[in-house]
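Some notes on the structure that comes next.
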Amino acid sequence: MKAKIIITPKKAVLDPQGKTVQSALAHIGYSGVNDVRVGKYLEIDLAGPDRETARQQIDDACHKILSNPVIEDYRFEIE
Amino acid sequence: MNFAVLQFPGSNCDQDVVHVLRNVLGHSARLLWHKDSSLGEADAVVIPGGFSYGDYLRTGAIARFSPVMCAVQNFAAQGGLVLGVCNGFQILCEAGLLPGALIRNRSLQFRCESIFLKTATTDSPFTCQIPQEKLLRLPIAHGEGCYFADEETLGRLRANNQILWRYVDAQGEATEQSNPNGSLDNIAGICNETRNVAGLMPHPERASEPILGCADGRLVFESLIEALSQAQTEKAA
């Protein structure tokens, strides 16, 4: 099984990387880019027994270490 | 006093802190490896700056799970004094011992320069020896020092007088230009609600001797030492 996790900065958190990428996109001619948020993508290989246990484990890990709930949101899928 | 100075893989200000505590201020300071699970007879803990675990994942995110941090959690819960400098501040926020988080500088630049710092309150073990109106000239060196907390947390910090230091200009005004990293409310350092855990991004240990150009940083350590000796006197009486 594989967990695919996406971590993004919360809406209220300033994302200077996103702003820089946004202005770079505009600079090289891509118009109509309203906003860019830069986050992280993690792929975790799991030897876990079943999907539900894996889901709980990944949710716990996302909350505890993989993301910081003060500044980040996360979402994931198990494949 | 007995200080415990923590060492993680990637800490790089640990020896500077030990030097100031031992050789400049004449106290006992012991380095503790991150795998140690006891703080021994420590009266206070200093978590130094650096790049623990290469800043992987997020600054301080991995260090907070080191065995020594369990001991620090217990020590802090019992009222023990804990000071985090730079990466130490980031670790304390990740560990939940201080509210909020430190994120990428607004400029995206690593800022390495001297700044002015105004002490917002002398009512803490970390600021009690700093003259009220004195501006501290201290070095900063960080890429992730932008303090962030949600509105509710910020409100609590203000209401409980937990903001200890703000970045200011040479006149003592907290302006946008004097804010090196985009921190909310120019926040450079805070303490927890019970006022025994504090963190700041500037480096007092790098400015504690005149030969280094400035000794303002001593006042932070002298505050800690004064607070500890007062506590010991009260305990004895």
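Residues in the structure tokens are numbered from 1 in each chain, the chains being A, B, ... in the order shown, and ligands are numbered from 1 in the order shown.
Contacts from chain A to chain B at a cut-off of 7 Å (only C-alpha atoms) map to Pro16, Ile65 and Val70 of chain A.
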Expected file: the selected residues, C-alpha atoms, as a CSV table (one decimal), in the first residue's frame:
```csv
chain,number,residue,atom,x,y,z
A,16,PRO,CA,6.3,33.9,0.3
A,65,ILE,CA,4.9,15.0,12.9
A,70,VAL,CA,-0.6,25.5,13.5
```
_Among range 57-229 of chain B, which residues does DSSP mark as strand (DSSP E or B) when it is run on the backbone? Keep the chain and numbering as in the structure and answer as a PyMOL selection string._
chain B and resi 81-85+101-103+111-119+135-142+146-148+163-168+187-191+197-200+209+214
*What lies within 12 Å of Arg51 in chain A using only C-alpha atoms, ignoring chain neighbours under 3 positions off, as a PyMOL selection string?*
chain A and resi 1-3+46-48+54-58+77-79
*If we count only C-alpha atoms, what is near Leu98 in chain B at a cut-off of 10 Å, once residues fewer than 3 positions away on the same chain are taken out, given as a VMD selection string?*
chain B and resid 84 89 to 95 101 190 to 193 197 to 199
Just C-alpha atoms for this one: save the residues we selected as a short mmCIF file (atom, residue, chain, number, x, y, z; two decimals), in the first residue's frame.
```
data_model
loop_
_atom_site.label_atom_id
_atom_site.label_comp_id
_atom_site.auth_asym_id
_atom_site.auth_seq_id
_atom_site.Cartn_x
_atom_site.Cartn_y
_atom_site.Cartn_z
CA GLY B 84 15.34 28.23 23.42
CA PHE B 89 12.83 28.47 19.81
CA GLN B 90 11.65 26.55 16.75
CA ILE B 91 11.96 23.24 18.62
CA LEU B 92 9.97 24.59 21.60
CA CYS B 93 7.16 25.70 19.28
CA GLU B 94 7.12 22.34 17.50
CA ALA B 95 7.05 20.59 20.89
CA ALA B 101 5.24 28.54 14.82
CA ILE B 190 7.78 34.97 23.72
CA CYS B 191 7.20 32.95 26.86
CA ASN B 192 4.54 30.43 27.81
CA GLU B 193 1.59 31.27 30.02
CA VAL B 197 9.60 28.56 29.04
CA ALA B 198 10.82 31.18 26.58
CA GLY B 199 12.22 31.35 23.08
#
```
Residues near Glu72 in chain A, cut-off 7 Å, only C-alpha atoms, skip fewer than 4 positions along chain, as a compact mmCIF listing (two decimals) with C-alpha atoms, in the first residue's frame:
```
# COMPACT_ATOMS: atom_id res chain seq x y z
CA ILE A 7 0.70 19.26 2.94
CA THR A 8 -0.13 22.90 2.24
CA PRO A 9 0.27 26.14 4.20
CA LYS A 10 -2.99 27.23 5.84
CA SER A 67 2.47 18.47 9.33
CA ASN A 68 2.28 21.26 11.88
```
_Filtered DSSP result for range 11-50 of chain A, state helix (DSSP H, G or I), as a list of chain:residue names_ =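 Reading the DSSP output for range 11-50 of chain A, helix (DSSP H, G or I) covers A:Pro16, A:Gln17, A:Gly18, A:Lys19, A:Thr20, A:Val21, A:Gln22, A:Ser23, A:Ala24, A:Leu25, A:Ala26, A:His27.
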